[in-house]
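Listing of query08.txt, compact mmCIF, C-alpha atoms and all ligand atoms
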```
# COMPACT_ATOMS: atom_id res chain seq x y z
CA MET D 268 -32.90 7.57 14.57
CA ALA D 269 -30.79 10.61 15.47
CA THR D 270 -27.55 10.20 17.42
CA ASP D 271 -28.01 10.63 21.16
CA PHE D 272 -25.07 12.83 22.14
CA ARG D 273 -25.54 12.07 25.87
CA LEU D 274 -24.67 8.45 25.13
CA LYS D 275 -21.53 9.58 23.27
CA GLU D 276 -20.29 11.12 26.52
CA GLN D 277 -19.63 7.61 27.80
CA LEU D 278 -16.99 7.05 25.16
CA SER D 279 -14.10 8.58 27.05
CA ALA D 280 -14.67 6.38 30.13
CA LEU D 281 -15.08 3.39 27.85
CA THR D 282 -11.78 4.19 26.10
CA ASP D 283 -10.04 4.42 29.50
CA ARG D 284 -11.27 0.93 30.32
CA ILE D 285 -9.94 -0.41 27.03
CA VAL D 286 -6.54 1.21 27.57
CA ASP D 287 -6.42 -0.09 31.18
CA SER D 288 -6.83 -3.58 29.78
CA TYR D 289 -3.52 -3.15 27.91
CA GLN D 290 -1.79 -3.27 31.28
CA ASP D 291 -3.87 -6.12 32.72
CA ILE D 292 -3.70 -8.23 29.56
CA GLY D 293 -0.30 -7.47 28.09
CA SER D 294 0.17 -10.64 26.08
CA ILE D 295 -1.77 -9.46 23.01
CA ASN D 296 -0.55 -5.90 22.61
CA HIS D 297 2.76 -4.56 21.42
CA LEU D 298 3.30 -1.12 22.93
CA GLY D 299 6.75 0.44 22.86
CA HIS D 300 9.16 2.30 20.67
CA CYS D 301 10.36 -0.54 18.45
CA PRO D 302 7.96 -1.24 15.58
CA LEU D 303 7.22 -4.77 14.44
CA PRO D 304 7.34 -5.78 10.77
CA SER D 305 4.36 -4.37 8.87
CA THR D 306 1.87 -6.64 7.10
CA SER D 307 1.29 -4.14 4.29
CA ALA D 308 5.05 -3.70 3.74
CA VAL D 309 5.51 -7.49 3.58
CA VAL D 310 2.70 -7.78 1.00
CA GLU D 311 4.33 -4.97 -1.02
CA ILE D 312 7.62 -6.90 -0.92
CA ILE D 313 5.89 -10.03 -2.26
CA ASN D 314 4.29 -8.05 -5.08
CA ASP D 315 7.59 -6.37 -6.01
CA LEU D 316 9.27 -9.79 -6.01
CA LYS D 317 6.62 -11.22 -8.34
CA GLU D 318 7.43 -8.37 -10.77
CA ILE D 319 11.07 -9.47 -10.75
CA LEU D 320 10.38 -13.21 -10.87
CA TYR D 321 7.79 -13.01 -13.67
CA PRO D 322 8.49 -9.74 -15.50
CA GLY D 323 5.86 -8.56 -17.96
CA TYR D 324 2.89 -10.40 -16.45
CA ARG D 325 1.68 -8.15 -13.71
CA ARG D 326 1.92 -4.43 -12.96
CA ARG D 327 4.20 -3.23 -15.73
CA GLN D 328 3.62 -4.23 -19.32
CA ASN D 329 5.56 -3.24 -22.45
CA LEU D 330 8.76 -4.53 -20.94
CA HIS D 331 11.54 -5.58 -23.31
CA LEU D 332 15.25 -6.25 -23.10
CA GLY D 333 15.90 -2.55 -23.80
CA ASN D 334 14.11 -1.27 -20.68
CA VAL D 335 13.86 -4.22 -18.31
CA THR D 336 17.19 -3.47 -16.65
CA TYR D 337 15.98 -0.01 -15.56
CA TYR D 338 12.70 -1.41 -14.33
CA VAL D 339 14.21 -4.30 -12.38
CA GLY D 340 17.05 -2.10 -11.10
CA ASP D 341 14.53 0.28 -9.57
CA LEU D 342 12.65 -2.63 -7.99
CA VAL D 343 15.84 -4.20 -6.61
CA ASP D 344 16.88 -0.86 -5.13
CA GLY D 345 13.48 -0.39 -3.48
CA LEU D 346 13.41 -4.00 -2.27
CA HIS D 347 16.82 -3.59 -0.70
CA ASP D 348 15.43 -0.75 1.44
CA LYS D 349 12.11 -2.41 2.24
CA LEU D 350 13.68 -5.77 3.09
CA THR D 351 16.39 -4.15 5.19
CA GLN D 352 13.80 -2.28 7.24
CA GLN D 353 11.42 -5.20 7.70
CA ILE D 354 14.14 -7.77 8.43
CA SER D 355 15.88 -5.52 10.97
CA ARG D 356 12.54 -4.98 12.73
CA ALA D 357 11.97 -8.75 12.83
CA LEU D 358 15.48 -9.38 14.17
CA ARG D 359 15.05 -6.75 16.88
CA TYR D 360 11.67 -8.17 17.84
CA ASP D 361 13.17 -11.65 18.11
CA TYR D 362 16.05 -10.39 20.24
CA ASP D 363 13.66 -8.60 22.58
CA GLN D 364 11.53 -11.73 22.91
CA LYS D 365 14.57 -13.72 23.97
CA HIS D 366 16.49 -11.19 26.07
CA GLY D 367 14.10 -8.36 26.97
CA GLU D 368 14.08 -4.80 25.63
CA ASP D 369 16.17 -3.40 28.49
CA CYS D 370 19.13 -5.72 28.04
CA ASP D 371 22.41 -3.68 27.94
CA GLN D 372 23.83 -5.84 25.18
CA ARG D 373 20.99 -4.74 22.88
CA ARG D 374 22.38 -1.21 22.42
CA LEU D 375 25.55 -2.72 20.92
CA ILE D 376 23.74 -4.66 18.23
CA ASP D 377 23.33 -2.98 14.83
CA PHE D 378 20.06 -4.59 13.71
CA GLU D 379 19.93 -2.34 10.65
CA ALA D 380 23.32 -3.63 9.42
CA ARG D 381 22.22 -7.24 10.02
CA GLY D 382 18.97 -6.54 8.20
CA GLN D 383 20.90 -5.20 5.23
CA GLN D 384 23.21 -8.25 5.09
CA GLU D 385 20.23 -10.59 5.12
CA ALA D 386 18.41 -8.49 2.50
CA ILE D 387 21.40 -8.74 0.14
CA ARG D 388 21.73 -12.47 0.79
CA PHE D 389 18.05 -12.89 -0.04
CA LEU D 390 18.21 -10.81 -3.24
CA ASP D 391 21.23 -12.84 -4.31
CA SER D 392 19.07 -16.00 -4.26
CA LEU D 393 16.61 -14.69 -6.88
CA PRO D 394 18.27 -15.98 -10.09
CA ASP D 395 18.35 -19.55 -8.67
CA MET D 396 14.79 -19.15 -7.44
CA ARG D 397 13.68 -18.23 -10.99
CA ARG D 398 15.37 -21.37 -12.30
CA ILE D 399 13.31 -23.54 -9.91
CA LEU D 400 10.07 -21.62 -10.52
CA ALA D 401 10.46 -22.25 -14.25
CA THR D 402 10.44 -26.00 -13.45
CA ASP D 403 7.30 -25.55 -11.31
CA ALA D 404 5.48 -23.70 -14.10
CA GLN D 405 6.53 -26.40 -16.60
CA ALA D 406 5.36 -29.15 -14.20
CA ALA D 407 1.93 -27.49 -14.11
CA TYR D 408 1.79 -27.48 -17.88
CA ASP D 409 3.01 -31.08 -18.15
CA GLY D 410 0.63 -32.22 -15.39
CA ASP D 411 -2.59 -30.49 -16.43
CA PRO D 412 -4.26 -31.00 -19.80
CA ALA D 413 -6.55 -28.05 -18.97
CA ALA D 414 -3.63 -25.61 -19.14
CA SER D 415 -3.27 -23.90 -22.51
CA GLY D 416 0.29 -22.76 -21.87
CA LEU D 417 2.75 -21.24 -19.42
CA HIS D 418 1.15 -17.77 -19.72
CA GLU D 419 -2.14 -19.10 -18.39
CA ILE D 420 -0.35 -20.86 -15.55
CA ILE D 421 1.58 -17.74 -14.54
CA PHE D 422 -1.53 -15.54 -14.72
CA CYS D 423 -4.08 -17.86 -13.18
CA TYR D 424 -2.85 -20.91 -11.26
CA PRO D 425 -3.21 -20.72 -7.48
CA GLY D 426 -0.74 -23.61 -7.15
CA LEU D 427 2.02 -21.59 -8.81
CA GLU D 428 1.07 -18.52 -6.75
CA ALA D 429 1.40 -20.52 -3.51
CA VAL D 430 4.64 -22.22 -4.57
CA THR D 431 6.13 -18.86 -5.61
CA VAL D 432 5.42 -17.29 -2.24
CA HIS D 433 6.63 -20.48 -0.57
CA ARG D 434 9.99 -20.35 -2.35
CA ILE D 435 10.39 -16.70 -1.25
CA ALA D 436 9.35 -17.44 2.34
CA HIS D 437 11.46 -20.61 2.53
CA GLN D 438 14.61 -18.70 1.54
CA LEU D 439 13.99 -16.24 4.40
CA TYR D 440 13.21 -19.15 6.74
CA ARG D 441 16.55 -20.73 5.82
CA GLN D 442 18.19 -17.40 6.66
CA ARG D 443 16.48 -17.70 10.06
CA ILE D 444 14.54 -14.46 9.66
CA PRO D 445 11.80 -14.42 12.30
CA LEU D 446 8.11 -13.67 11.63
CA ILE D 447 8.32 -12.46 8.01
CA PRO D 448 8.28 -15.93 6.32
CA ARG D 449 5.10 -16.84 8.20
CA MET D 450 3.50 -13.47 7.42
CA MET D 451 4.19 -14.23 3.76
CA SER D 452 2.86 -17.78 3.80
CA GLU D 453 -0.34 -16.77 5.60
CA TYR D 454 -0.90 -13.98 3.08
CA SER D 455 -0.57 -16.53 0.29
CA HIS D 456 -2.85 -18.92 2.22
CA SER D 457 -5.51 -16.18 2.35
CA LEU D 458 -5.28 -15.71 -1.43
CA THR D 459 -5.17 -19.33 -2.54
CA GLY D 460 -6.54 -21.53 0.25
CA ILE D 461 -3.19 -23.37 0.13
CA ASP D 462 -1.33 -23.50 3.44
CA ILE D 463 2.39 -24.27 3.10
CA HIS D 464 4.55 -23.68 6.15
CA PRO D 465 7.73 -21.78 5.15
CA GLY D 466 9.86 -24.52 6.74
CA ALA D 467 8.71 -27.23 4.30
CA THR D 468 11.45 -28.37 1.92
CA ILE D 469 10.12 -28.75 -1.62
CA GLY D 470 12.12 -29.95 -4.62
CA PRO D 471 11.82 -28.61 -8.19
CA SER D 472 8.94 -29.34 -10.60
CA PHE D 473 6.33 -29.23 -7.84
CA PHE D 474 2.73 -28.92 -8.95
CA ILE D 475 -0.37 -28.37 -6.83
CA ASP D 476 -3.45 -28.70 -9.06
CA HIS D 477 -6.56 -26.74 -7.97
CA GLY D 478 -5.11 -26.47 -4.48
CA THR D 479 -7.95 -25.40 -2.22
CA GLY D 480 -7.48 -26.92 1.23
CA VAL D 481 -3.92 -28.23 0.73
CA VAL D 482 -1.90 -28.18 3.98
CA ILE D 483 1.85 -28.86 4.01
CA GLY D 484 3.53 -28.87 7.44
CA GLU D 485 6.76 -27.30 8.60
CA THR D 486 9.02 -30.36 8.55
CA CYS D 487 7.65 -31.93 5.40
CA GLU D 488 10.26 -32.97 2.81
CA ILE D 489 9.11 -33.23 -0.78
CA GLY D 490 11.32 -34.54 -3.59
CA THR D 491 11.44 -33.65 -7.30
CA GLY D 492 8.45 -33.76 -9.63
CA VAL D 493 5.74 -34.33 -6.99
CA LYS D 494 2.11 -33.57 -7.84
CA VAL D 495 -0.66 -33.02 -5.29
CA TYR D 496 -4.34 -32.22 -5.66
CA GLN D 497 -6.80 -30.18 -3.62
CA GLY D 498 -7.43 -31.05 -0.01
CA VAL D 499 -4.21 -33.01 0.53
CA THR D 500 -2.80 -32.79 4.07
CA LEU D 501 0.85 -33.58 4.77
CA GLY D 502 0.57 -33.26 8.50
CA ALA D 503 1.66 -34.23 11.99
CA LEU D 504 0.33 -37.37 13.66
CA SER D 505 0.58 -36.43 17.32
CA PHE D 506 2.34 -33.84 19.44
CA ALA D 507 5.05 -35.00 21.85
CA LYS D 508 5.13 -33.23 25.24
CA ASP D 509 8.07 -32.62 27.60
CA GLY D 510 8.11 -33.47 31.34
CA GLU D 511 6.24 -30.24 32.13
CA GLY D 512 3.47 -30.92 29.65
CA ASN D 513 4.67 -28.36 27.09
CA LEU D 514 4.62 -29.21 23.38
CA VAL D 515 8.01 -30.30 22.04
CA ARG D 516 8.88 -28.06 19.08
CA GLY D 517 11.37 -28.48 16.27
CA THR D 518 11.12 -32.27 15.81
CA LYS D 519 10.36 -33.91 12.44
CA ARG D 520 6.57 -34.23 12.56
CA HIS D 521 5.52 -34.28 8.92
CA PRO D 522 6.04 -36.88 6.18
CA THR D 523 8.70 -37.31 3.52
CA ILE D 524 7.43 -37.56 -0.04
CA ARG D 525 9.99 -38.89 -2.50
CA ASP D 526 10.46 -38.02 -6.20
CA ARG D 527 7.60 -38.23 -8.70
CA VAL D 528 4.92 -39.19 -6.16
CA VAL D 529 1.32 -38.25 -7.04
CA ILE D 530 -1.17 -37.61 -4.21
CA TYR D 531 -4.83 -37.34 -5.18
CA ALA D 532 -7.56 -35.19 -3.65
CA ASN D 533 -8.17 -35.16 0.10
CA ALA D 534 -5.53 -37.76 0.95
CA THR D 535 -4.12 -37.30 4.46
CA ILE D 536 -0.54 -38.42 5.10
CA LEU D 537 0.70 -37.96 8.64
CA GLY D 538 3.81 -38.39 10.79
CA GLY D 539 7.49 -37.53 10.69
CA GLY D 540 8.51 -41.15 10.13
CA THR D 541 6.11 -41.69 7.23
CA ILE D 542 7.88 -41.95 3.87
CA VAL D 543 6.11 -42.31 0.55
CA GLY D 544 8.61 -44.04 -1.77
CA GLU D 545 9.42 -42.65 -5.17
CA GLN D 546 6.94 -42.84 -7.99
CA SER D 547 4.17 -44.10 -5.71
CA VAL D 548 0.58 -42.98 -6.09
CA VAL D 549 -1.66 -42.17 -3.11
CA GLY D 550 -5.33 -42.34 -4.07
CA ALA D 551 -8.07 -39.89 -3.19
CA SER D 552 -9.17 -39.74 0.46
CA VAL D 553 -6.53 -42.22 1.66
CA TRP D 554 -5.56 -41.92 5.35
CA LEU D 555 -1.89 -42.88 5.62
CA THR D 556 0.28 -43.07 8.73
CA LYS D 557 2.70 -45.80 7.58
CA SER D 558 5.48 -45.69 5.01
CA VAL D 559 4.88 -46.89 1.46
CA PRO D 560 7.59 -48.54 -0.70
CA PRO D 561 8.52 -47.05 -4.09
CA ASN D 562 6.29 -47.68 -7.13
CA THR D 563 3.25 -48.54 -5.00
CA MET D 564 -0.39 -47.61 -5.55
CA VAL D 565 -2.28 -46.93 -2.30
CA THR D 566 -6.06 -46.71 -2.53
CA ILE D 567 -9.01 -47.21 -0.22
CA GLU D 568 -11.49 -49.95 -1.00
CA THR D 569 -14.37 -48.51 -2.98
CA PRO D 570 -17.48 -48.93 -0.82
CA SER D 571 -20.11 -50.92 -2.72
CA LEU D 572 -22.55 -48.63 -4.46
CA ARG D 573 -26.27 -49.25 -5.05
CA LEU D 574 -27.52 -47.93 -8.33
CA ARG D 575 -31.24 -47.47 -8.94
CA GLU D 576 -33.23 -45.59 -11.46
CA ALA D 577 -33.89 -42.04 -10.27
CA SER D 578 -37.59 -41.31 -9.93
C1 LIG R 601 0.34 -29.51 9.13
C2 LIG R 601 0.16 -29.96 10.53
O1 LIG R 601 0.06 -31.11 10.81
O2 LIG R 601 0.13 -29.00 11.45
C3 LIG R 601 0.00 -29.36 12.83
C4 LIG R 601 0.89 -28.47 13.63
N1 LIG R 601 0.69 -27.10 13.28
C5 LIG R 601 2.37 -28.87 13.42
O3 LIG R 601 3.11 -28.13 12.79
O4 LIG R 601 2.79 -29.92 13.89
```
Please go through the file and, once you have read it, give me the structure as C-alpha cells.
Amino acid sequence: MATDFRLKEQLSALTDRIVDSYQDIGSINHLGHCPLPSTSAVVEIINDLKEILYPGYRRRQNLHLGNVTYYVGDLVDGLHDKLTQQISRALRYDYDQKHGEDCDQRRLIDFEARGQQEAIRFLDSLPDMRRILATDAQAAYDGDPAASGLHEIIFCYPGLEAVTVHRIAHQLYRQRIPLIPRMMSEYSHSLTGIDIHPGATIGPSFFIDHGTGVVIGETCEIGTGVKVYQGVTLGALSFAKDGEGNLVRGTKRHPTIRDRVVIYANATILGGGTIVGEQSVVGASVWLTKSVPPNTMVTIETPSLRLREAS
C-alpha cells in the first residue's frame, strides 16, 4: 500500500506531544549540556582493555616482543583519553545528582583533572590484574577436563569473559567511579548470561563453568579457588526497610564463600550472614540460607524415582 502523505502531516503534532512529555515526566530523560558516559565508549574501553590483558588473541595478531610495546603504548595512550573523558562525565553526573547542576561550588571543581587521576590509577592496576586473571584462566583449565588448553579458555570461555570484565569493573568500583562499573557489568551480562555486580569481592583462581544464569550480588565475598556452575545465585535473602519504608542500601546482603568451595548447578545461597566454610561442596539445586562449616557436603535428598520400561 502506498504511503498516505495526509497521515504524515500528523507527525509534527505528535512530536510536540512527545517533547511535552519530557517536561511532565522528567525522571527518565537527561536533557542539558553535560553529557553522560556513553555506552559505546564504555564498550570500546572494555575491548581495548582485553587487547592489553590478553595480547595476541583478539583484534591484532602477529604480535611479538619486538612490536608489542608500540601496540600496547598506543592502546594505553588512547585508553587514557577515553577513560579520562568517561570518568569525568560520570563524576560530574554524580555531583549533579547530589548537589544539583546550578550549585555554585560546581564551577570550582575540575572534573576533567579528577577523571585523569582516576584513569591513571586504573591503568596502574593492570599488571596486577593480569596476574590474577592468569590464575583464573589456570583454574578453568584445572577445573574442566573439557578444556584443551589456556588458548581455548581465553578464546571461548564465557566464565573467563565475565570474570575479566568483573575485575575491570571492580577496580573502578573500588575507586568509587559512578555508573561506569555497572555499565560494564551489564554489557558482560548481555554477552555471557552471567550477572556479577561490580561490588562483589572475588579472590584469585575463580572459575565459573558454563555460566548461564549465574548471579553474584554486590556484597558477596568469595575466597580463593572457588568454582561455581551455571544457574548459581549468591543473593540477598530479604530487603530491610527504614522507618519511612525505603529500602536500606549498602548493608551486607549477600553470602560469604570461603576458599576452595565448589557450588554446583542452580544452587541458591542467600543472605549476608550466610557463610560457606572452606572446602565445602554445595550440591545442585540446594537452597541455602544458613551457614555451613568447613569441609561439609550439602545436598538435597534425591526424590525417589520410579523407573519403568518406556513403551
Ligand atoms: C543478587 C541479589 O540478590 O540481588 C538482589 C538485589 N539486587 C540486591 O542487591 O540485594
**OP:** Tell me which of D:Ile475, D:Ile313, D:Met564, D:Val481 sits closest to ligand LIG 601 (chain R), counting all atoms listed in the file.
**Re:**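 That would be D:Val481, the residue with the smallest distance to ligand LIG 601 (chain R).
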Enclose all atoms of ligand LIG 601 (chain R) listed in the file in an axis-aligned box, grow every side by 4 Å, and hand back centre and edge lengths in Å to one decimal, as AutoDock Vina command-line options.
```
--center_x 1.6 --center_y -29.1 --center_z 11.5 --size_x 11.1 --size_y 12.0 --size_z 12.8
```
At a cut-off of 10 Å, can you tabulate as JSON lines every residue of chain D near ligand LIG 601 (chain R) together with its closest atom pair and the distance in Å to one decimal, using all atoms listed in the file and ordering rows by chain then number?
```
{"residue": "D:Asp462", "atom": "CA", "partner": "R:LIG601", "partner_atom": "C1", "distance": 8.4}
{"residue": "D:Ile463", "atom": "CA", "partner": "R:LIG601", "partner_atom": "C1", "distance": 8.2}
{"residue": "D:His464", "atom": "CA", "partner": "R:LIG601", "partner_atom": "C1", "distance": 7.8}
{"residue": "D:Gly466", "atom": "CA", "partner": "R:LIG601", "partner_atom": "O3", "distance": 9.8}
{"residue": "D:Ala467", "atom": "CA", "partner": "R:LIG601", "partner_atom": "C1", "distance": 9.9}
{"residue": "D:Val481", "atom": "CA", "partner": "R:LIG601", "partner_atom": "C1", "distance": 9.5}
{"residue": "D:Val482", "atom": "CA", "partner": "R:LIG601", "partner_atom": "C1", "distance": 5.8}
{"residue": "D:Ile483", "atom": "CA", "partner": "R:LIG601", "partner_atom": "C1", "distance": 5.4}
{"residue": "D:Gly484", "atom": "CA", "partner": "R:LIG601", "partner_atom": "C1", "distance": 3.7}
{"residue": "D:Glu485", "atom": "CA", "partner": "R:LIG601", "partner_atom": "O3", "distance": 5.6}
{"residue": "D:Thr486", "atom": "CA", "partner": "R:LIG601", "partner_atom": "O3", "distance": 7.6}
{"residue": "D:Cys487", "atom": "CA", "partner": "R:LIG601", "partner_atom": "C1", "distance": 8.6}
{"residue": "D:Thr500", "atom": "CA", "partner": "R:LIG601", "partner_atom": "C1", "distance": 6.8}
{"residue": "D:Leu501", "atom": "CA", "partner": "R:LIG601", "partner_atom": "C1", "distance": 6.0}
{"residue": "D:Gly502", "atom": "CA", "partner": "R:LIG601", "partner_atom": "O1", "distance": 3.2}
{"residue": "D:Ala503", "atom": "CA", "partner": "R:LIG601", "partner_atom": "O1", "distance": 3.7}
{"residue": "D:Leu504", "atom": "CA", "partner": "R:LIG601", "partner_atom": "O1", "distance": 6.9}
{"residue": "D:Ser505", "atom": "CA", "partner": "R:LIG601", "partner_atom": "O4", "distance": 7.7}
{"residue": "D:Phe506", "atom": "CA", "partner": "R:LIG601", "partner_atom": "O4", "distance": 6.8}
{"residue": "D:Ala507", "atom": "CA", "partner": "R:LIG601", "partner_atom": "O4", "distance": 9.7}
{"residue": "D:Leu514", "atom": "CA", "partner": "R:LIG601", "partner_atom": "O4", "distance": 9.7}
{"residue": "D:Val515", "atom": "CA", "partner": "R:LIG601", "partner_atom": "O4", "distance": 9.7}
{"residue": "D:Arg516", "atom": "CA", "partner": "R:LIG601", "partner_atom": "O4", "distance": 8.2}
{"residue": "D:Gly517", "atom": "CA", "partner": "R:LIG601", "partner_atom": "O3", "distance": 9.0}
{"residue": "D:Thr518", "atom": "CA", "partner": "R:LIG601", "partner_atom": "O4", "distance": 8.9}
{"residue": "D:Lys519", "atom": "CA", "partner": "R:LIG601", "partner_atom": "O4", "distance": 8.7}
{"residue": "D:Arg520", "atom": "CA", "partner": "R:LIG601", "partner_atom": "O4", "distance": 5.9}
{"residue": "D:His521", "atom": "CA", "partner": "R:LIG601", "partner_atom": "O1", "distance": 6.6}
{"residue": "D:Pro522", "atom": "CA", "partner": "R:LIG601", "partner_atom": "O1", "distance": 9.5}
{"residue": "D:Thr535", "atom": "CA", "partner": "R:LIG601", "partner_atom": "O1", "distance": 9.8}
{"residue": "D:Ile536", "atom": "CA", "partner": "R:LIG601", "partner_atom": "O1", "distance": 9.3}
{"residue": "D:Leu537", "atom": "CA", "partner": "R:LIG601", "partner_atom": "O1", "distance": 7.2}
{"residue": "D:Gly538", "atom": "CA", "partner": "R:LIG601", "partner_atom": "O1", "distance": 8.2}
{"residue": "D:Gly539", "atom": "CA", "partner": "R:LIG601", "partner_atom": "O4", "distance": 9.5}
```
Original post:
Any idea what the distance is between atom CA of D:Gln364 and atom CA of D:Gly299?
Top reply: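 So the answer is 13.1 Å.
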Subject >> d(atom CA of D:Arg373, atom CA of D:Leu439) in Å >> reply: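 It comes out at 22.9 Å.
A straight line drawn from atom CA of D:Arg527 to atom CA of D:Ser415 is 22.7 Å long.
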**OP:** Name all residues at most 12 Å from D:Asp341 (count all atoms listed in the file; drop same-chain ones fewer than 6 positions away) and give them as a list in words.
**Re:**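 Skipping anything fewer than 6 positions along the chain leaves Asp315, Leu316, Glu318, Ile319, Asn334, Val335, His347 and Asp348 of chain D.
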Subject >> Residue nearest D:Ser455 - candidates D:Ile354, D:Leu274, D:Val343, D:Ile435, atoms counted: all atoms listed in the file >> reply: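 Once distances to D:Ser455 are computed over all atoms listed in the file, the minimum belongs to D:Ile435.
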List every residue of stretch 341-424 of chain D that has an atom at most 10 Å from any atom of stretch 446-454 of chain D, and for each one report the closest atom pair and its distance in Å to one decimal, counting only C-alpha atoms, with rows sorted by chain and then by increasing residue number, as a tab-separated table.
```
residue	atom	partner	partner_atom	distance
D:Leu350	CA	D:Ile447	CA	9.9
D:Gln353	CA	D:Ile447	CA	7.9
D:Ile354	CA	D:Ile447	CA	7.5
D:Arg356	CA	D:Ile447	CA	9.8
D:Ala357	CA	D:Leu446	CA	6.4
D:Leu358	CA	D:Leu446	CA	8.9
D:Tyr360	CA	D:Leu446	CA	9.0
D:Asp361	CA	D:Leu446	CA	8.5
```
Original post:
For D:His456, which residue out of D:Gln546, D:Thr479, D:Gln383, D:Ser294 is the nearest one, using all atoms listed in the file?
Top reply: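 Closest to D:His456, using all atoms listed in the file: D:Thr479.
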Original post:
If you count only C-alpha atoms, which residues fall within 9 Å of D:Arg525, apart from same-chain ones fewer than 2 positions away, as JSON, numbers by chain?
Top reply: {"D": [488, 489, 490, 491, 492, 493, 523, 527, 528, 542, 543, 544, 545, 546, 547, 561]}
Subject >> Residues within 10 Å of stretch 416-419 of chain D, only C-alpha atoms, excluding chain neighbours under 3 positions, as a PyMOL selection string >> reply: chain D and resi 324+401+404-409+411-413+422-424
Original post:
So which residues touch D:Gln497 within 9 Å, counting only C-alpha atoms, skipping near sequence neighbours fewer than 5 positions away, as a list of chain:residue names?
Top reply: D:Ile461, D:Ile475, D:Asp476, D:His477, D:Gly478, D:Thr479, D:Gly480, D:Val481, D:Tyr531, D:Ala532, D:Asn533, D:Ala534
Original post:
Which is closest to D:Gly426 among D:Arg327, D:Lys365, D:Lys494, D:Arg397, if we use only C-alpha atoms?
Top reply: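 Selected residue with least distance to D:Gly426: D:Lys494.
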Completion step: stretch 321-339 of chain D with N, CA and C atoms as a compact mmCIF listing (two decimals), in the coordinates of the input:
```
# COMPACT_ATOMS: atom_id res chain seq x y z
N TYR D 321 8.57 -12.79 -12.44
CA TYR D 321 7.79 -13.01 -13.67
C TYR D 321 7.60 -11.68 -14.39
N PRO D 322 8.65 -11.09 -14.92
CA PRO D 322 8.49 -9.74 -15.50
C PRO D 322 7.55 -9.76 -16.70
N GLY D 323 6.75 -8.71 -16.80
CA GLY D 323 5.86 -8.56 -17.96
C GLY D 323 4.46 -9.08 -17.75
N TYR D 324 4.21 -9.79 -16.64
CA TYR D 324 2.89 -10.40 -16.45
C TYR D 324 1.97 -9.57 -15.56
N ARG D 325 2.53 -8.73 -14.76
CA ARG D 325 1.68 -8.15 -13.71
C ARG D 325 1.55 -6.64 -13.88
N ARG D 326 2.14 -5.88 -12.96
CA ARG D 326 1.92 -4.43 -12.96
C ARG D 326 2.36 -3.77 -14.25
N ARG D 327 3.61 -3.99 -14.63
CA ARG D 327 4.20 -3.23 -15.73
C ARG D 327 4.20 -4.07 -17.00
N GLN D 328 3.59 -3.52 -18.04
CA GLN D 328 3.62 -4.23 -19.32
C GLN D 328 4.58 -3.48 -20.24
N ASN D 329 4.62 -3.85 -21.51
CA ASN D 329 5.56 -3.24 -22.45
C ASN D 329 7.00 -3.28 -21.97
N LEU D 330 7.35 -4.36 -21.32
CA LEU D 330 8.76 -4.53 -20.94
C LEU D 330 9.47 -5.26 -22.06
N HIS D 331 10.73 -4.88 -22.31
CA HIS D 331 11.54 -5.58 -23.31
C HIS D 331 12.99 -5.50 -22.85
N LEU D 332 13.86 -6.18 -23.59
CA LEU D 332 15.25 -6.25 -23.10
C LEU D 332 15.92 -4.88 -23.08
N GLY D 333 15.33 -3.91 -23.80
CA GLY D 333 15.90 -2.55 -23.80
C GLY D 333 15.58 -1.76 -22.53
N ASN D 334 14.46 -2.08 -21.86
CA ASN D 334 14.11 -1.27 -20.68
C ASN D 334 14.02 -2.07 -19.38
N VAL D 335 14.11 -3.40 -19.51
CA VAL D 335 13.86 -4.22 -18.31
C VAL D 335 14.92 -4.00 -17.23
N THR D 336 16.14 -3.67 -17.65
CA THR D 336 17.19 -3.47 -16.65
C THR D 336 16.86 -2.27 -15.76
N TYR D 337 16.34 -1.19 -16.37
CA TYR D 337 15.98 -0.01 -15.56
C TYR D 337 14.85 -0.36 -14.59
N TYR D 338 13.87 -1.08 -15.13
CA TYR D 338 12.70 -1.41 -14.33
C TYR D 338 13.09 -2.30 -13.14
N VAL D 339 13.84 -3.35 -13.45
CA VAL D 339 14.21 -4.30 -12.38
C VAL D 339 15.21 -3.63 -11.42
```
